[in-house]
Amino acid sequence: MLRGSEAALARGLGGLLALAAVATAVLSTLGLPLRQVLELWRKPLPSPEQALSAAGGPTGDAFGQLAWHFAYGVAEPNAKHTWFLLANPDSSPATATLRLFPDGGTPIEKRLTVEGNRRLAVYANSYLSGTFSATIVADRPIVAEESVFFANDAFTLPGVGAAATTWYFPEGFVGGNYETWLHVFIPSSQPASLSFLFLDERGNRAEKAATLSPGQVLRARLAELCPLQGGVGTVLRADRGVAAARITWFPGRDGGQGAHATVGLAALSQGWAVPYIAADEAQDSWLLLLNPGEKEATGEITFFRMAESGPARSTLAFSLPAGARRTIWVDKEIAEGRVPAGARAALIVTSEPIAAECVLYDAPYRAGTAGLVAGAIARRWYFAEGATAAPYTMRIALFNPGPRGTLVSPRFLVASGQAPSYSGWALLPGEVKVVTVDDFAEGRSDLALSLESDEPIVAARVMSMAGSGLFAAVGLPGAEAVGEARAYVPLVFGPA
C-alpha cells in the first residue's frame with residue numbers, strides 16, 4: 001500500500017493519464033492517427049495570429065532594394081520572348097543598368113531611365129538570343145519583374161534582391177509529360193559549391209553536388225539530377241548567395257507549351273496563406289508541402305468561403321513526415337467532402353516550419369501558374385507587370401488574414417499619359433477579394449500598381465490571355481512589412 005507522497009504522486013500521474021486518454025479519444029474521433037495525436041499533444045499548433053507573425057520570409061526582399069537578379073531568361077525569335085518590367089513609385093527619376101549574361105557569351109549592358117511615377121518595359125529579345133541571366137542595378141529603389149511569353153502560355157518571375165544560400169522548391173516532377181528544370185545564377189564573380197537534397201512523398205531521399213565557376217550558370221533537368229520518380233521537392237544549398245528558379249514545362253494548347261515557374265523560398269515557415277483557390281470545372285488547384293526537417297509536422301488548413309453572414313471557415317487536419325513531400329489536390333478534397341464547396345482561400349498552420357507552394361492548372365492542363373509566395377504581410381504592395389489591353393485580363397487578389405477589417409487603396413503607374421484611378425476596396429477579417437482591373441482601367445498595356453491598406457494584407461496579381469495562358473506573381477511588400485519576414489502563397493487564379 002502506497003503512503004504519503006507516493007500516493008499523491010500516483011494520483012497525479014493517474015489524472016494526467018486519464019486526461020491524455022480523453023484528449024486522445026476526442027482527437028481520434030476527428031480522424032487523426034495516433035502518431036499525429038501524440039505530436040499534437042506534445043506541441044500545440046500556433047494560433048493563426050502567431051503563425052502569421054513568425055519568422056520565415058522567402059527571399060528577405062522588400063521595397064528599397066537597389067539590385068535585382070534573374071536566374072533565367074530566354075529570347076528566341078518568333079517563339080519565346082522575355083520582357084523586364086520596371087516601376088518607379090517615387091517622384092524622382094531612377095537611373096538603372098540592365099546587365100544581360102548570355103550563356104557562354106559576352107555580357108551586354110544597357111543604361112535605362114525610369115521616370116518618376118512611371119513604368120518602363122524592356123524587351124530583352126532586342127539585345128540577344130538564347131538563354132541568359134540578368135541583373136538590374138538602380139540608383140534608387142524600383143520594382144523589377146520579368147515576364148516570359150511563349151506558345152499559348154507565360155510566366156512571371158519577380159527579381160531576387162537578396163541572393164540566398166538556401167532555396168526550397170516544394171514543386172517538381174520527374175516523369176510523364178512534365179519536364180522540370182532548375183536554374184542557378186551566381187550574381188558575384190566568385191565560384192560556388194552547390195548541394196541538392198531531393199525528397200519524395202514516400203520518404204525517399206537523394207543527394208547531388210555541383211560546382212559553378214565564376215560566370216557559369218547551372219541549367220539542369222530535374223530528371224538529370226534526381227533519380228527519384230514522380231513528385232519531388234528540392235532543397236538547394238550553396239556556400240555563397242545565389243539566385244535560383246524552378247520551371248516546369250508541359251504540353252500546351254494546339255501543340256504549344258505550357259509552364260509554371262517560381263523563384264522558390266529562402267526560408268521555412270509555420271504559417272502560409274492561400275488567398276484564392278480555384279476548384280471548379282474550369283480550374284484545378286494543388287498544394288505542395290515540403291518538410292525538410294527532422295521532426296514530423298502536424299497542421300491544419302483552414303478554408304475560407306463567403307456565406308450570407310460573412311466569411312465562413314472549415315478545417316482540414318493533416319500530417320507531414322520528416323524529410324518528405326505531400327500533395328493535396330484541393331478539387332479532390334472538395335469532391336470527397338473534406339473541404340466545403342465554394343472554398344476560395346486557405347490558411348495553413350503547422351507545428352514545425354515547412355515550405356509550401358500552390359499550383360493552378362486550367363481544366364485541360366494546357367496552362368498553369370505557380371509560386372505566389374509573399375515575403376510578409378504588409379500595408380504596401382508593389383507590382384511592375386500589368387496589362388488590360390487585348391488579349392490580357394488583369395486581376396488583383398487581396399487577402400486579409402488578420403482579425404480586423406481594412407481599406408485598400410490602389411495607385412497606378414503607366415509609361416506615359418494619364419494613369420487610371422479607383423477609390424479602393426474594403427476587406428472583412430478573413431476575406432479575399434479578386435478584383436478585375438479591366439473593369440476600371442481597360443485597354444492599357446503599361447500598368448504598374450501600388451496598394452496601400454490601413455491593416456496588413458497579402459496581395460498578388462494574376463493575368464490571363466484569351467483562350468489560354470495563365471501567369472501570376474505576388475507583389476513586392478513595402479519596407480514597413482509588419483512583423484518579421486514570413487511566407488505566404490497569396491493567389492492562384494485563372495481565366496474567367
# chains A, B, ... in the order shown; residues from 1 in each chain; ligands from 1
>>> residues_around(residues="range 84-94 of chain A", least_positions_apart="4", cutoff="8 Å", atoms="only C-alpha atoms", output="list of chain:residue names")
A:Thr113, A:Val114, A:Glu115, A:Gly116, A:Asn117, A:Arg118, A:Arg119, A:Leu120, A:Ala121, A:Val122, A:Tyr123, A:Ala124, A:Ala138, A:Asp139, A:Arg140, A:Pro141, A:Ile142, A:Val143, A:Ala144, A:Glu145, A:Glu146, A:Ser147, A:Phe383, A:Ala384, A:Glu385, A:Leu413, A:Ala448, A:Ser450
>>> residues_around(residues="Gly368 in chain A", least_positions_apart="3", cutoff="8 Å", atoms="only C-alpha atoms", output="list in words")
Asp153, Gly258, Ala259, His260, Val359, Leu360, Tyr361, Asp362, Tyr365, Gly469, Leu470 and Phe471 of chain A
>>> closest_atom_pairs(of="range 265-342 of chain A", to="range 163-169 of chain A", cutoff="10 Å", atoms="only C-alpha atoms", output="tab-separated table")
residue	atom	partner	partner_atom	distance
A:Leu265	CA	A:Tyr168	CA	4.9
A:Ala266	CA	A:Trp167	CA	4.5
A:Ala267	CA	A:Trp167	CA	7.2
A:Leu268	CA	A:Tyr168	CA	8.1
A:Leu288	CA	A:Phe169	CA	9.3
A:Leu289	CA	A:Phe169	CA	9.5
A:Leu290	CA	A:Phe169	CA	8.0
A:Asn291	CA	A:Tyr168	CA	9.9
A:Pro292	CA	A:Tyr168	CA	9.0
>>> write_last_selection(atoms="C-alpha atoms", output="mmCIF file, in the first residue's frame")
data_model
loop_
_atom_site.group_PDB
_atom_site.id
_atom_site.type_symbol
_atom_site.label_atom_id
_atom_site.label_comp_id
_atom_site.auth_asym_id
_atom_site.auth_seq_id
_atom_site.Cartn_x
_atom_site.Cartn_y
_atom_site.Cartn_z
ATOM 1 C CA LEU A 265 11.673 30.044 -50.914
ATOM 2 C CA ALA A 266 14.754 31.022 -48.937
ATOM 3 C CA ALA A 267 13.230 30.118 -45.561
ATOM 4 C CA LEU A 268 10.649 27.859 -43.928
ATOM 5 C CA LEU A 288 2.584 21.101 -52.360
ATOM 6 C CA LEU A 289 4.024 20.819 -48.837
ATOM 7 C CA LEU A 290 7.708 20.088 -48.120
ATOM 8 C CA ASN A 291 9.152 19.197 -44.709
ATOM 9 C CA PRO A 292 12.970 19.012 -44.908
#
>>> atom_distance(atom1="CA of Ile108 in chain A", atom2="CA of Val263 in chain A")
23.2 Å
>>> atom_distance(atom1="CA of Tyr72 in chain A", atom2="CA of Ile247 in chain A")
9.2 Å
>>> closest_residue(among="A:Val174, A:Leu428, A:Ala192, A:Ala346", to="Pro214 in chain A", atoms="only C-alpha atoms")
A:Ala192
>>> residues_around(residues="Ala297 in chain A", least_positions_apart="6", cutoff="8 Å", atoms="only C-alpha atoms", output="list in words")
Asn291, Ser319, Leu320, Pro321, Ala322, Thr350, Ser351, Glu352, Pro353 and Ile354 of chain A
>>> write_last_selection(atoms="all heavy atoms", output="compact mmCIF listing (two decimals), in the first residue's frame")
# COMPACT_ATOMS: atom_id res chain seq x y z
N ASN A 291 8.59 19.17 -46.07
CA ASN A 291 9.15 19.20 -44.71
C ASN A 291 10.57 18.64 -44.75
O ASN A 291 10.77 17.43 -44.65
CB ASN A 291 8.29 18.37 -43.76
CG ASN A 291 8.85 18.35 -42.34
OD1 ASN A 291 9.76 19.11 -42.02
ND2 ASN A 291 8.31 17.49 -41.50
N SER A 319 -0.89 15.62 -41.61
CA SER A 319 0.45 15.43 -41.06
C SER A 319 1.43 15.32 -42.22
O SER A 319 1.07 14.92 -43.33
CB SER A 319 0.52 14.16 -40.19
OG SER A 319 0.26 13.01 -40.97
N LEU A 320 2.67 15.70 -41.96
CA LEU A 320 3.73 15.69 -42.97
C LEU A 320 4.98 15.11 -42.33
O LEU A 320 5.61 15.75 -41.50
CB LEU A 320 3.97 17.12 -43.47
CG LEU A 320 5.02 17.31 -44.57
CD1 LEU A 320 4.69 16.48 -45.80
CD2 LEU A 320 5.12 18.79 -44.95
N PRO A 321 5.35 13.88 -42.70
CA PRO A 321 6.52 13.25 -42.08
C PRO A 321 7.79 14.05 -42.31
O PRO A 321 7.91 14.83 -43.27
CB PRO A 321 6.59 11.88 -42.78
CG PRO A 321 5.22 11.64 -43.31
CD PRO A 321 4.68 13.00 -43.66
N ALA A 322 8.74 13.86 -41.43
CA ALA A 322 10.05 14.49 -41.60
C ALA A 322 10.70 13.98 -42.88
O ALA A 322 10.59 12.81 -43.22
CB ALA A 322 10.94 14.18 -40.40
N THR A 350 1.23 25.05 -39.16
CA THR A 350 1.90 23.78 -38.86
C THR A 350 2.69 23.86 -37.56
O THR A 350 3.09 24.94 -37.11
CB THR A 350 2.85 23.38 -40.00
OG1 THR A 350 3.76 24.46 -40.26
CG2 THR A 350 2.08 23.07 -41.26
N SER A 351 2.93 22.69 -36.98
CA SER A 351 3.68 22.62 -35.72
C SER A 351 5.17 22.84 -35.93
O SER A 351 5.87 23.25 -35.00
CB SER A 351 3.46 21.25 -35.06
OG SER A 351 3.92 20.20 -35.91
N GLU A 352 5.66 22.53 -37.13
CA GLU A 352 7.07 22.72 -37.48
C GLU A 352 7.16 23.56 -38.75
O GLU A 352 6.26 23.52 -39.59
CB GLU A 352 7.76 21.37 -37.70
CG GLU A 352 7.73 20.43 -36.51
CD GLU A 352 8.53 20.94 -35.33
OE1 GLU A 352 9.50 21.69 -35.56
OE2 GLU A 352 8.18 20.60 -34.19
N PRO A 353 8.23 24.31 -38.93
CA PRO A 353 8.37 25.09 -40.16
C PRO A 353 8.46 24.19 -41.39
O PRO A 353 9.19 23.18 -41.37
CB PRO A 353 9.67 25.87 -39.94
CG PRO A 353 9.89 25.87 -38.46
CD PRO A 353 9.34 24.56 -37.98
N ILE A 354 7.73 24.53 -42.44
CA ILE A 354 7.76 23.79 -43.69
C ILE A 354 7.82 24.79 -44.84
O ILE A 354 7.75 26.00 -44.64
CB ILE A 354 6.52 22.89 -43.85
CG1 ILE A 354 5.25 23.74 -44.00
CG2 ILE A 354 6.39 21.90 -42.68
CD1 ILE A 354 4.02 22.96 -44.44
>>> closest_residue(among="A:Leu157, A:Val74, A:Val437, A:Ala67", to="Thr135 in chain A", atoms="only C-alpha atoms")
A:Ala67
>>> closest_residue(among="A:Ala243, A:Leu199, A:Leu182, A:Leu347", to="Leu225 in chain A", atoms="only C-alpha atoms")
A:Leu182
>>> residues_around(residues="Phe150 in chain A", least_positions_apart="2", cutoff="8 Å", atoms="only C-alpha atoms", output="list in words")
Ala79, Lys80, His81, Val148, Asn152, Asp153, Ala154 and Gln257 of chain A
>>> atom_distance(atom1="CA of Asp61 in chain A", atom2="CA of Ala370 in chain A")
19.0 Å
>>> decode(residues="range 164-178 of chain A", atoms="all heavy atoms", output="PDB file, in the first residue's frame")
ATOM      1  N   ALA A 164      20.471  34.195 -51.840  1.00  0.00           N
ATOM      2  CA  ALA A 164      20.416  33.375 -50.629  1.00  0.00           C
ATOM      3  C   ALA A 164      21.289  32.136 -50.773  1.00  0.00           C
ATOM      4  O   ALA A 164      21.615  31.700 -51.879  1.00  0.00           O
ATOM      5  CB  ALA A 164      18.971  32.968 -50.345  1.00  0.00           C
ATOM      6  N   THR A 165      21.643  31.543 -49.632  1.00  0.00           N
ATOM      7  CA  THR A 165      22.438  30.318 -49.628  1.00  0.00           C
ATOM      8  C   THR A 165      21.575  29.070 -49.516  1.00  0.00           C
ATOM      9  O   THR A 165      22.090  27.956 -49.617  1.00  0.00           O
ATOM     10  CB  THR A 165      23.455  30.326 -48.471  1.00  0.00           C
ATOM     11  OG1 THR A 165      22.763  30.522 -47.235  1.00  0.00           O
ATOM     12  CG2 THR A 165      24.467  31.458 -48.669  1.00  0.00           C
ATOM     13  N   THR A 166      20.264  29.232 -49.305  1.00  0.00           N
ATOM     14  CA  THR A 166      19.344  28.094 -49.266  1.00  0.00           C
ATOM     15  C   THR A 166      18.077  28.452 -50.017  1.00  0.00           C
ATOM     16  O   THR A 166      17.517  29.539 -49.829  1.00  0.00           O
ATOM     17  CB  THR A 166      18.982  27.715 -47.820  1.00  0.00           C
ATOM     18  OG1 THR A 166      20.173  27.434 -47.078  1.00  0.00           O
ATOM     19  CG2 THR A 166      18.099  26.468 -47.800  1.00  0.00           C
ATOM     20  N   TRP A 167      17.629  27.521 -50.862  1.00  0.00           N
ATOM     21  CA  TRP A 167      16.373  27.694 -51.583  1.00  0.00           C
ATOM     22  C   TRP A 167      15.564  26.407 -51.480  1.00  0.00           C
ATOM     23  O   TRP A 167      16.106  25.305 -51.623  1.00  0.00           O
ATOM     24  CB  TRP A 167      16.615  28.025 -53.058  1.00  0.00           C
ATOM     25  CG  TRP A 167      17.211  29.379 -53.283  1.00  0.00           C
ATOM     26  CD1 TRP A 167      18.519  29.687 -53.503  1.00  0.00           C
ATOM     27  CD2 TRP A 167      16.507  30.626 -53.291  1.00  0.00           C
ATOM     28  NE1 TRP A 167      18.678  31.045 -53.650  1.00  0.00           N
ATOM     29  CE2 TRP A 167      17.458  31.645 -53.522  1.00  0.00           C
ATOM     30  CE3 TRP A 167      15.169  30.978 -53.127  1.00  0.00           C
ATOM     31  CZ2 TRP A 167      17.098  32.989 -53.585  1.00  0.00           C
ATOM     32  CZ3 TRP A 167      14.824  32.316 -53.200  1.00  0.00           C
ATOM     33  CH2 TRP A 167      15.784  33.309 -53.432  1.00  0.00           C
ATOM     34  N   TYR A 168      14.248  26.550 -51.253  1.00  0.00           N
ATOM     35  CA  TYR A 168      13.342  25.415 -51.156  1.00  0.00           C
ATOM     36  C   TYR A 168      12.355  25.463 -52.325  1.00  0.00           C
ATOM     37  O   TYR A 168      11.761  26.509 -52.602  1.00  0.00           O
ATOM     38  CB  TYR A 168      12.560  25.451 -49.845  1.00  0.00           C
ATOM     39  CG  TYR A 168      13.433  25.431 -48.609  1.00  0.00           C
ATOM     40  CD1 TYR A 168      13.784  26.630 -47.971  1.00  0.00           C
ATOM     41  CD2 TYR A 168      13.908  24.238 -48.074  1.00  0.00           C
ATOM     42  CE1 TYR A 168      14.584  26.621 -46.835  1.00  0.00           C
ATOM     43  CE2 TYR A 168      14.708  24.219 -46.936  1.00  0.00           C
ATOM     44  CZ  TYR A 168      15.041  25.422 -46.330  1.00  0.00           C
ATOM     45  OH  TYR A 168      15.835  25.419 -45.205  1.00  0.00           O
ATOM     46  N   PHE A 169      12.177  24.309 -52.972  1.00  0.00           N
ATOM     47  CA  PHE A 169      11.235  24.180 -54.076  1.00  0.00           C
ATOM     48  C   PHE A 169      10.309  22.997 -53.801  1.00  0.00           C
ATOM     49  O   PHE A 169      10.650  21.850 -54.108  1.00  0.00           O
ATOM     50  CB  PHE A 169      11.970  23.970 -55.410  1.00  0.00           C
ATOM     51  CG  PHE A 169      12.842  25.113 -55.814  1.00  0.00           C
ATOM     52  CD1 PHE A 169      14.188  25.131 -55.487  1.00  0.00           C
ATOM     53  CD2 PHE A 169      12.324  26.182 -56.523  1.00  0.00           C
ATOM     54  CE1 PHE A 169      14.999  26.190 -55.863  1.00  0.00           C
ATOM     55  CE2 PHE A 169      13.116  27.253 -56.895  1.00  0.00           C
ATOM     56  CZ  PHE A 169      14.467  27.259 -56.561  1.00  0.00           C
ATOM     57  N   PRO A 170       9.129  23.229 -53.203  1.00  0.00           N
ATOM     58  CA  PRO A 170       8.224  22.108 -52.920  1.00  0.00           C
ATOM     59  C   PRO A 170       7.725  21.402 -54.180  1.00  0.00           C
ATOM     60  O   PRO A 170       7.463  20.200 -54.152  1.00  0.00           O
ATOM     61  CB  PRO A 170       7.063  22.775 -52.174  1.00  0.00           C
ATOM     62  CG  PRO A 170       7.651  24.031 -51.602  1.00  0.00           C
ATOM     63  CD  PRO A 170       8.646  24.490 -52.618  1.00  0.00           C
ATOM     64  N   GLU A 171       7.562  22.126 -55.284  1.00  0.00           N
ATOM     65  CA  GLU A 171       7.053  21.537 -56.513  1.00  0.00           C
ATOM     66  C   GLU A 171       8.188  21.038 -57.391  1.00  0.00           C
ATOM     67  O   GLU A 171       9.276  21.617 -57.424  1.00  0.00           O
ATOM     68  CB  GLU A 171       6.207  22.563 -57.280  1.00  0.00           C
ATOM     69  CG  GLU A 171       5.792  22.154 -58.684  1.00  0.00           C
ATOM     70  CD  GLU A 171       4.867  20.963 -58.747  1.00  0.00           C
ATOM     71  OE1 GLU A 171       5.132  19.968 -58.036  1.00  0.00           O
ATOM     72  OE2 GLU A 171       3.892  21.009 -59.505  1.00  0.00           O
ATOM     73  N   GLY A 172       7.915  19.985 -58.112  1.00  0.00           N
ATOM     74  CA  GLY A 172       8.842  19.393 -59.066  1.00  0.00           C
ATOM     75  C   GLY A 172       8.328  18.024 -59.439  1.00  0.00           C
ATOM     76  O   GLY A 172       7.720  17.331 -58.611  1.00  0.00           O
ATOM     77  N   PHE A 173       8.525  17.624 -60.681  1.00  0.00           N
ATOM     78  CA  PHE A 173       8.004  16.331 -61.121  1.00  0.00           C
ATOM     79  C   PHE A 173       8.978  15.694 -62.093  1.00  0.00           C
ATOM     80  O   PHE A 173       9.512  16.349 -62.986  1.00  0.00           O
ATOM     81  CB  PHE A 173       6.633  16.500 -61.783  1.00  0.00           C
ATOM     82  CG  PHE A 173       5.844  15.225 -61.868  1.00  0.00           C
ATOM     83  CD1 PHE A 173       5.063  14.808 -60.807  1.00  0.00           C
ATOM     84  CD2 PHE A 173       5.913  14.411 -62.998  1.00  0.00           C
ATOM     85  CE1 PHE A 173       4.342  13.614 -60.868  1.00  0.00           C
ATOM     86  CE2 PHE A 173       5.208  13.224 -63.070  1.00  0.00           C
ATOM     87  CZ  PHE A 173       4.412  12.827 -61.997  1.00  0.00           C
ATOM     88  N   VAL A 174       9.199  14.394 -61.892  1.00  0.00           N
ATOM     89  CA  VAL A 174      10.060  13.600 -62.773  1.00  0.00           C
ATOM     90  C   VAL A 174       9.202  12.507 -63.394  1.00  0.00           C
ATOM     91  O   VAL A 174       8.650  11.659 -62.682  1.00  0.00           O
ATOM     92  CB  VAL A 174      11.239  12.970 -62.006  1.00  0.00           C
ATOM     93  CG1 VAL A 174      12.075  12.098 -62.947  1.00  0.00           C
ATOM     94  CG2 VAL A 174      12.099  14.050 -61.359  1.00  0.00           C
ATOM     95  N   GLY A 175       9.056  12.541 -64.717  1.00  0.00           N
ATOM     96  CA  GLY A 175       8.274  11.528 -65.411  1.00  0.00           C
ATOM     97  C   GLY A 175       7.109  12.129 -66.161  1.00  0.00           C
ATOM     98  O   GLY A 175       6.788  13.312 -66.035  1.00  0.00           O
ATOM     99  N   GLY A 176       6.463  11.295 -66.956  1.00  0.00           N
ATOM    100  CA  GLY A 176       5.299  11.724 -67.715  1.00  0.00           C
ATOM    101  C   GLY A 176       5.627  12.809 -68.718  1.00  0.00           C
ATOM    102  O   GLY A 176       6.727  12.855 -69.292  1.00  0.00           O
ATOM    103  N   ASN A 177       4.671  13.700 -68.927  1.00  0.00           N
ATOM    104  CA  ASN A 177       4.839  14.787 -69.890  1.00  0.00           C
ATOM    105  C   ASN A 177       5.411  16.053 -69.278  1.00  0.00           C
ATOM    106  O   ASN A 177       5.476  17.091 -69.937  1.00  0.00           O
ATOM    107  CB  ASN A 177       3.495  15.118 -70.546  1.00  0.00           C
ATOM    108  CG  ASN A 177       2.982  13.996 -71.420  1.00  0.00           C
ATOM    109  OD1 ASN A 177       3.773  13.304 -72.066  1.00  0.00           O
ATOM    110  ND2 ASN A 177       1.675  13.807 -71.438  1.00  0.00           N
ATOM    111  N   TYR A 178       5.818  15.985 -68.001  1.00  0.00           N
ATOM    112  CA  TYR A 178       6.322  17.165 -67.308  1.00  0.00           C
ATOM    113  C   TYR A 178       7.847  17.161 -67.295  1.00  0.00           C
ATOM    114  O   TYR A 178       8.473  16.144 -66.997  1.00  0.00           O
ATOM    115  CB  TYR A 178       5.788  17.212 -65.873  1.00  0.00           C
ATOM    116  CG  TYR A 178       4.296  17.417 -65.817  1.00  0.00           C
ATOM    117  CD1 TYR A 178       3.425  16.329 -65.898  1.00  0.00           C
ATOM    118  CD2 TYR A 178       3.761  18.692 -65.704  1.00  0.00           C
ATOM    119  CE1 TYR A 178       2.053  16.511 -65.863  1.00  0.00           C
ATOM    120  CE2 TYR A 178       2.391  18.883 -65.659  1.00  0.00           C
ATOM    121  CZ  TYR A 178       1.542  17.789 -65.752  1.00  0.00           C
ATOM    122  OH  TYR A 178       0.184  17.977 -65.719  1.00  0.00           O
TER     123      TYR A 178
END
